[in-house]
>>> print(open('final_5.pdb').read())   # PDB, C-alpha atoms
ATOM      1  CA  MET A 723      -2.886   9.991 -25.553
ATOM      2  CA  THR A 724      -0.043   8.769 -27.802
ATOM      3  CA  ASP A 725       0.398   5.002 -28.027
ATOM      4  CA  TYR A 726       3.094   3.582 -25.772
ATOM      5  CA  ASP A 727       4.329   0.252 -24.437
ATOM      6  CA  VAL A 728       4.902  -0.553 -20.781
ATOM      7  CA  LEU A 729       7.838  -2.800 -19.899
ATOM      8  CA  ARG A 730       9.039  -4.162 -16.600
ATOM      9  CA  VAL A 731      12.837  -4.098 -16.416
ATOM     10  CA  PHE A 732      15.148  -5.979 -13.997
ATOM     11  CA  CYS A 733      12.437  -8.464 -13.038
ATOM     12  CA  GLY A 734      13.067 -11.122 -10.403
ATOM     13  CA  PRO A 735      13.786 -14.794 -11.244
ATOM     14  CA  GLY A 736      10.066 -15.597 -11.293
ATOM     15  CA  GLY A 737       9.268 -12.732 -13.644
ATOM     16  CA  GLY A 738       7.762 -10.474 -10.987
ATOM     17  CA  TYR A 739       8.637  -6.996  -9.801
ATOM     18  CA  GLY A 740      11.026  -4.971 -11.953
ATOM     19  CA  ASN A 741      10.790  -1.264 -12.743
ATOM     20  CA  GLU A 742       8.019  -0.062 -15.045
ATOM     21  CA  LEU A 743       9.123   1.804 -18.155
ATOM     22  CA  GLY A 744       7.012   3.667 -20.677
ATOM     23  CA  VAL A 745       8.245   3.469 -24.285
ATOM     24  CA  VAL A 746       6.884   5.602 -27.126
ATOM     25  CA  ARG A 747       8.093   3.631 -30.145
ATOM     26  CA  ASP A 748       7.368   6.447 -32.598
ATOM     27  CA  GLY A 749       8.968   9.475 -31.006
ATOM     28  CA  SER A 750       8.292  11.561 -34.112
ATOM     29  CA  VAL A 751       4.670  11.991 -33.012
ATOM     30  CA  ILE A 752       5.921  14.074 -30.051
ATOM     31  CA  PRO A 753       8.961  15.978 -31.373
ATOM     32  CA  GLU A 754       9.037  18.795 -28.807
ATOM     33  CA  ARG A 755      10.933  18.275 -25.549
ATOM     34  CA  SER A 756       8.319  20.197 -23.576
ATOM     35  CA  ASP A 757       5.570  17.875 -24.833
ATOM     36  CA  ARG A 758       7.677  14.801 -24.063
ATOM     37  CA  GLN A 759       8.277  16.097 -20.563
ATOM     38  CA  ALA A 760       4.555  16.674 -20.108
ATOM     39  CA  MET A 761       3.752  13.148 -21.240
ATOM     40  CA  ALA A 762       6.395  11.646 -18.937
ATOM     41  CA  ALA A 763       4.872  13.591 -16.047
ATOM     42  CA  LYS A 764       1.372  12.404 -16.941
ATOM     43  CA  LEU A 765       2.430   8.755 -17.188
ATOM     44  CA  GLY A 766       4.255   8.984 -13.868
ATOM     45  CA  PHE A 767       6.768   6.176 -14.455
ATOM     46  CA  SER A 768      10.223   6.683 -13.002
ATOM     47  CA  GLU A 769      11.347   6.994 -16.656
ATOM     48  CA  THR A 770       9.741   7.180 -20.092
ATOM     49  CA  VAL A 771      11.660   6.622 -23.349
ATOM     50  CA  PHE A 772      10.933   8.201 -26.732
ATOM     51  CA  VAL A 773      12.400   6.279 -29.684
ATOM     52  CA  ASP A 774      13.590   8.688 -32.363
ATOM     53  CA  ASP A 775      15.181   6.122 -34.698
ATOM     54  CA  PRO A 776      14.364   2.446 -34.010
ATOM     55  CA  GLU A 777      16.896   1.084 -36.514
ATOM     56  CA  ARG A 778      19.831   3.095 -35.139
ATOM     57  CA  GLY A 779      18.590   2.872 -31.535
ATOM     58  CA  VAL A 780      18.332   6.640 -30.983
ATOM     59  CA  ILE A 781      16.409   7.288 -27.756
ATOM     60  CA  ASP A 782      15.432  10.197 -25.497
ATOM     61  CA  ILE A 783      14.814   9.601 -21.755
ATOM     62  CA  TYR A 784      12.637  11.543 -19.299
ATOM     63  CA  THR A 785      11.674  11.289 -15.640
ATOM     64  CA  PRO A 786       8.414  12.997 -14.567
ATOM     65  CA  THR A 787      10.396  16.224 -14.042
ATOM     66  CA  LEU A 788      13.578  16.191 -16.155
ATOM     67  CA  ARG A 789      15.398  14.876 -19.229
ATOM     68  CA  LEU A 790      18.260  12.430 -18.635
ATOM     69  CA  PRO A 791      21.315  12.005 -20.882
ATOM     70  CA  PHE A 792      21.549   8.366 -19.766
ATOM     71  CA  ALA A 793      19.673   5.990 -17.470
ATOM     72  CA  GLY A 794      20.042   2.296 -16.742
ATOM     73  CA  HIS A 795      16.666   0.592 -16.802
ATOM     74  CA  PRO A 796      15.380   2.647 -19.768
ATOM     75  CA  CYS A 797      18.402   1.565 -21.821
ATOM     76  CA  VAL A 798      18.092  -2.090 -20.810
ATOM     77  CA  GLY A 799      14.376  -2.035 -21.636
ATOM     78  CA  ALA A 800      14.810  -0.193 -24.943
ATOM     79  CA  ALA A 801      17.643  -2.538 -25.977
ATOM     80  CA  TRP A 802      15.366  -5.526 -25.381
ATOM     81  CA  LEU A 803      12.390  -4.008 -27.187
ATOM     82  CA  LEU A 804      14.295  -2.706 -30.225
ATOM     83  CA  ASP A 805      16.757  -5.651 -30.433
ATOM     84  CA  VAL A 806      19.607  -3.457 -31.701
ATOM     85  CA  PRO A 807      23.389  -3.775 -31.131
ATOM     86  CA  GLU A 808      23.642  -0.280 -29.684
ATOM     87  CA  LEU A 809      21.626   2.655 -28.403
ATOM     88  CA  VAL A 810      22.410   6.300 -29.101
ATOM     89  CA  THR A 811      21.817   8.537 -26.074
ATOM     90  CA  PRO A 812      22.836  12.157 -25.427
ATOM     91  CA  ALA A 813      25.541  10.803 -23.090
ATOM     92  CA  GLY A 814      27.078   8.489 -25.688
ATOM     93  CA  VAL A 815      26.677   5.216 -27.565
ATOM     94  CA  VAL A 816      25.518   2.371 -25.328
ATOM     95  CA  GLY A 817      26.422  -1.181 -26.318
ATOM     96  CA  ALA A 818      23.531  -3.664 -26.209
ATOM     97  CA  ARG A 819      23.110  -7.427 -26.418
ATOM     98  CA  LEU A 820      20.620 -10.149 -25.578
ATOM     99  CA  ASP A 821      21.862 -13.263 -23.790
ATOM    100  CA  GLY A 822      19.198 -15.843 -23.052
ATOM    101  CA  GLU A 823      16.738 -14.388 -20.569
ATOM    102  CA  PHE A 824      18.880 -11.308 -19.916
ATOM    103  CA  SER A 825      19.155  -8.005 -21.766
ATOM    104  CA  TRP A 826      22.515  -6.253 -21.316
ATOM    105  CA  ILE A 827      23.880  -2.779 -21.910
ATOM    106  CA  GLU A 828      27.445  -1.462 -21.658
ATOM    107  CA  ALA A 829      27.936   2.105 -20.440
ATOM    108  CA  ARG A 830      30.277   4.353 -18.460
ATOM    109  CA  ALA A 831      30.056   5.592 -14.873
ATOM    110  CA  GLU A 832      30.760   9.194 -15.885
ATOM    111  CA  TRP A 833      27.481   9.236 -17.819
ATOM    112  CA  VAL A 834      25.476   8.726 -14.641
ATOM    113  CA  PRO A 835      24.072  11.829 -12.879
ATOM    114  CA  PRO A 836      25.236  12.286  -9.272
ATOM    115  CA  ARG A 837      24.180   9.571  -6.828
ATOM    116  CA  THR A 838      25.053   9.113  -3.170
ATOM    117  CA  LEU A 839      26.146   5.511  -2.596
ATOM    118  CA  ARG A 840      25.420   4.879   1.086
ATOM    119  CA  ARG A 841      26.686   1.624   2.555
ATOM    120  CA  TYR A 842      24.984  -0.069   5.512
ATOM    121  CA  ALA A 843      26.285  -2.834   7.741
ATOM    122  CA  THR A 844      23.544  -5.367   7.016
ATOM    123  CA  ALA A 845      20.864  -6.123   4.448
ATOM    124  CA  ALA A 846      18.269  -5.907   7.218
ATOM    125  CA  GLU A 847      19.191  -2.256   7.799
ATOM    126  CA  VAL A 848      18.638  -1.480   4.136
ATOM    127  CA  GLU A 849      15.271  -3.254   4.160
ATOM    128  CA  ALA A 850      14.143  -1.307   7.233
ATOM    129  CA  LEU A 851      14.914   2.151   5.819
ATOM    130  CA  ASP A 852      12.198   4.787   5.570
ATOM    131  CA  VAL A 853      12.046   6.968   2.461
ATOM    132  CA  PRO A 854      14.411   9.916   3.120
ATOM    133  CA  PRO A 855      13.326  13.516   2.519
ATOM    134  CA  PRO A 856      13.785  14.932  -1.020
ATOM    135  CA  GLY A 857      16.991  16.626  -2.063
ATOM    136  CA  GLU A 858      19.508  13.830  -2.666
ATOM    137  CA  TRP A 859      19.575  10.719  -4.873
ATOM    138  CA  ILE A 860      20.524   7.935  -2.429
ATOM    139  CA  TYR A 861      21.474   4.365  -3.313
ATOM    140  CA  ALA A 862      21.432   2.451  -0.031
ATOM    141  CA  TRP A 863      23.265  -0.871  -0.135
ATOM    142  CA  ALA A 864      24.802  -3.630   1.973
ATOM    143  CA  TRP A 865      26.519  -6.920   1.322
ATOM    144  CA  GLU A 866      24.355 -10.008   1.560
ATOM    145  CA  ASP A 867      27.317 -12.185   0.619
ATOM    146  CA  GLU A 868      30.507 -10.244  -0.048
ATOM    147  CA  ALA A 869      32.487 -13.254  -1.239
ATOM    148  CA  GLY A 870      29.734 -14.114  -3.713
ATOM    149  CA  GLY A 871      29.169 -10.525  -4.839
ATOM    150  CA  ARG A 872      25.555 -10.486  -3.657
ATOM    151  CA  VAL A 873      24.188  -7.063  -2.668
ATOM    152  CA  ARG A 874      20.934  -5.810  -1.126
ATOM    153  CA  ALA A 875      20.019  -2.315  -2.326
ATOM    154  CA  ARG A 876      17.273   0.301  -2.478
ATOM    155  CA  GLY A 877      17.153   3.498  -4.520
ATOM    156  CA  PHE A 878      15.609   6.786  -3.397
ATOM    157  CA  PRO A 879      15.580   9.451  -6.175
ATOM    158  CA  GLY A 880      14.750  12.335  -3.814
ATOM    159  CA  ARG A 881      13.377  14.488  -6.651
ATOM    160  CA  GLY A 882      10.040  15.228  -5.021
ATOM    161  CA  ASP A 883       8.192  14.173  -8.196
ATOM    162  CA  GLY A 884       6.101  11.380  -6.699
ATOM    163  CA  VAL A 885       8.632   8.597  -7.346
ATOM    164  CA  GLU A 886       9.738   8.005  -3.768
ATOM    165  CA  GLU A 887      11.596   4.753  -4.422
ATOM    166  CA  ASP A 888      13.169   3.482  -7.632
ATOM    167  CA  GLU A 889      12.408  -0.245  -7.693
ATOM    168  CA  ALA A 890      15.403  -1.073  -9.893
ATOM    169  CA  ALA A 891      18.019   1.613 -10.545
ATOM    170  CA  GLY A 892      20.427   0.399 -13.207
ATOM    171  CA  ALA A 893      22.541   3.560 -13.343
ATOM    172  CA  ALA A 894      23.121   3.492  -9.592
ATOM    173  CA  ALA A 895      24.052  -0.194  -9.846
ATOM    174  CA  LEU A 896      26.532   0.752 -12.570
ATOM    175  CA  LEU A 897      28.120   3.357 -10.278
ATOM    176  CA  LEU A 898      28.399   0.865  -7.424
ATOM    177  CA  THR A 899      30.007  -1.697  -9.729
ATOM    178  CA  ASP A 900      32.496   0.885 -10.982
ATOM    179  CA  ARG A 901      33.395   1.844  -7.420
ATOM    180  CA  LEU A 902      33.786  -1.726  -6.160
ATOM    181  CA  GLY A 903      35.463  -2.996  -9.339
ATOM    182  CA  ARG A 904      33.728  -6.362  -9.367
ATOM    183  CA  ALA A 905      30.713  -8.188 -10.742
ATOM    184  CA  LEU A 906      27.566  -7.897  -8.629
ATOM    185  CA  ASN A 907      24.251  -9.687  -8.238
ATOM    186  CA  ILE A 908      21.943  -7.041  -6.776
ATOM    187  CA  ALA A 909      18.588  -7.665  -5.118
ATOM    188  CA  GLN A 910      16.861  -4.285  -5.203
ATOM    189  CA  GLY A 911      13.544  -2.901  -4.093
ATOM    190  CA  ALA A 912      10.706  -5.313  -3.365
ATOM    191  CA  GLY A 913      11.989  -8.151  -5.564
ATOM    192  CA  SER A 914      14.022  -6.986  -8.565
ATOM    193  CA  GLN A 915      17.375  -8.356  -9.748
ATOM    194  CA  ILE A 916      20.226  -6.491 -11.460
ATOM    195  CA  LEU A 917      23.418  -8.167 -12.695
ATOM    196  CA  THR A 918      26.559  -6.154 -13.400
ATOM    197  CA  ALA A 919      30.156  -6.723 -14.485
ATOM    198  CA  PRO A 920      33.077  -4.309 -14.989
ATOM    199  CA  GLN A 921      34.644  -4.405 -18.452
ATOM    200  CA  PRO A 922      38.008  -3.224 -19.845
ATOM    201  CA  GLY A 923      38.527   0.472 -20.498
ATOM    202  CA  GLY A 924      36.202   1.769 -17.811
ATOM    203  CA  TRP A 925      33.009   0.241 -19.218
ATOM    204  CA  VAL A 926      30.422  -1.569 -17.099
ATOM    205  CA  GLU A 927      27.817  -4.085 -18.227
ATOM    206  CA  VAL A 928      24.377  -4.004 -16.609
ATOM    207  CA  GLY A 929      21.798  -6.690 -17.286
ATOM    208  CA  GLY A 930      18.399  -7.974 -16.278
ATOM    209  CA  ARG A 931      15.155  -9.607 -17.337
ATOM    210  CA  VAL A 932      12.632  -7.580 -19.308
ATOM    211  CA  PHE A 933       8.930  -8.340 -19.805
ATOM    212  CA  LEU A 934       6.295  -6.587 -21.896
ATOM    213  CA  GLU A 935       3.515  -5.628 -19.512
ATOM    214  CA  ARG A 936       1.215  -4.050 -22.101
TER     215      ARG A 936
END
>>> encode(input="final_5.pdb", output="structure tokens")
Amino acid sequence: MTDYDVLRVFCGPGGGYGNELGVVRDGSVIPERSDRQAMAAKLGFSETVFVDDPERGVIDIYTPTLRLPFAGHPCVGAAWLLDVPELVTPAGVVGARLDGEFSWIEARAEWVPPRTLRRYATAAEVEALDVPPPGEWIYAWAWEDEAGGRVRARGFPGRGDGVEEDEAAGAAALLLTDRLGRALNIAQGAGSQILTAPQPGGWVEVGGRVFLER
């Protein structure tokens, strides 16, 4: 098996939870897309990143079943690991910065694959949800404190690839921020935290804590 790092992205304030991410720092060892897809499937993380140029930040992102032009937590994790000012993805150039304990990216809502943003009346309703059947990527959310911009959310990819719930879905958080037009502090999954903020020109910043697991 090719060497890879495992990060946890969008960790909670105490450093726990977050979404696991596999990162192959030397993508040149697996140049073929079919082989990358096979490795991503074998690892079984919600996403795996292959770094094709660490100095320029060129990356390639895969779920266990498909290649993604852009994804949130892989970009946040790769930005932290590579410590570069930008990432180059098939969707476009993603701005990146580190700010204290948070790693931030800047991207556009139109880069995100389709997601259904489903609002619920209370955070308790979101927490009580069962995993829906496959077929639709659902981001379930509710206000915890609307005035303070605090949101409770859960992400259900619905791909039927074994990832029933996405612990911390940065791209979906980006879409929600773009729709609401305001900064958000999102508690997602079992204990992850995602921060977001709309920027001029249709850009959205997404940030969180990243830890090297192994």
>>> residues_around(input="final_5.pdb", residues="Trp802 in chain A", least_positions_apart="6", cutoff="9 Å", atoms="all atoms listed in the file", output="VMD selection string")
chain A and resid 818 to 820 824 to 826 932 to 933
>>> closest_residue(input="final_5.pdb", among="A:Leu804, A:Leu851, A:Val885, A:Val810", to="Arg747 in chain A", atoms="all atoms listed in the file")
A:Leu804
>>> residues_around(input="final_5.pdb", residues="Pro791 in chain A", least_positions_apart="4", cutoff="10 Å", atoms="all atoms listed in the file", output="list in words")
Ile781, Asp782, Ile783, Tyr784, Thr811, Pro812, Ala813, Gly814, Trp833, Val834 and Pro835 of chain A
>>> write_last_selection(input="final_5.pdb", atoms="C-alpha atoms", output="mmCIF file, in the frame of the given file")
data_model
loop_
_atom_site.group_PDB
_atom_site.id
_atom_site.type_symbol
_atom_site.label_atom_id
_atom_site.label_comp_id
_atom_site.auth_asym_id
_atom_site.auth_seq_id
_atom_site.Cartn_x
_atom_site.Cartn_y
_atom_site.Cartn_z
ATOM 1 C CA ILE A 781 16.409 7.288 -27.756
ATOM 2 C CA ASP A 782 15.432 10.197 -25.497
ATOM 3 C CA ILE A 783 14.814 9.601 -21.755
ATOM 4 C CA TYR A 784 12.637 11.543 -19.299
ATOM 5 C CA THR A 811 21.817 8.537 -26.074
ATOM 6 C CA PRO A 812 22.836 12.157 -25.427
ATOM 7 C CA ALA A 813 25.541 10.803 -23.090
ATOM 8 C CA GLY A 814 27.078 8.489 -25.688
ATOM 9 C CA TRP A 833 27.481 9.236 -17.819
ATOM 10 C CA VAL A 834 25.476 8.726 -14.641
ATOM 11 C CA PRO A 835 24.072 11.829 -12.879
#
>>> resolve_selection(input="final_5.pdb", expression="the PyMOL selection byres ((chain A and resi 726-737) around 8)", output="MDAnalysis selection string")
chainID A and resid 724:725 738:747 795:796 798:799 890 913:916 929:936
>>> resolve_selection(input="final_5.pdb", expression="the PyMOL selection byres ((chain A and resi 785-788) around 12)", output="ChimeraX atom specification")
/A:742-744,755-772,782-784,789-793,795-796,835,879-886,888
>>> residues_around(input="final_5.pdb", residues="range 857-874 of chain A", least_positions_apart="6", cutoff="12 Å", atoms="all atoms listed in the file", output="VMD selection string")
chain A and resid 834 to 851 880 to 883 885 to 899 902 to 919
>>> atom_distance(input="final_5.pdb", atom1="CA of Arg778 in chain A", atom2="CA of Glu808 in chain A")
7.5 Å
>>> atom_distance(input="final_5.pdb", atom1="CA of Cys797 in chain A", atom2="CA of Asp775 in chain A")
14.0 Å
>>> atom_distance(input="final_5.pdb", atom1="CA of Glu777 in chain A", atom2="CA of Val926 in chain A")
23.8 Å
>>> axis_aligned_box(input="final_5.pdb", around="range 775-791 of chain A", padding_each_side="5 Å", output="JSON")
{"center_x": 14.9, "center_y": 8.7, "center_z": -25.3, "size_x": 22.9, "size_y": 25.1, "size_z": 32.5}
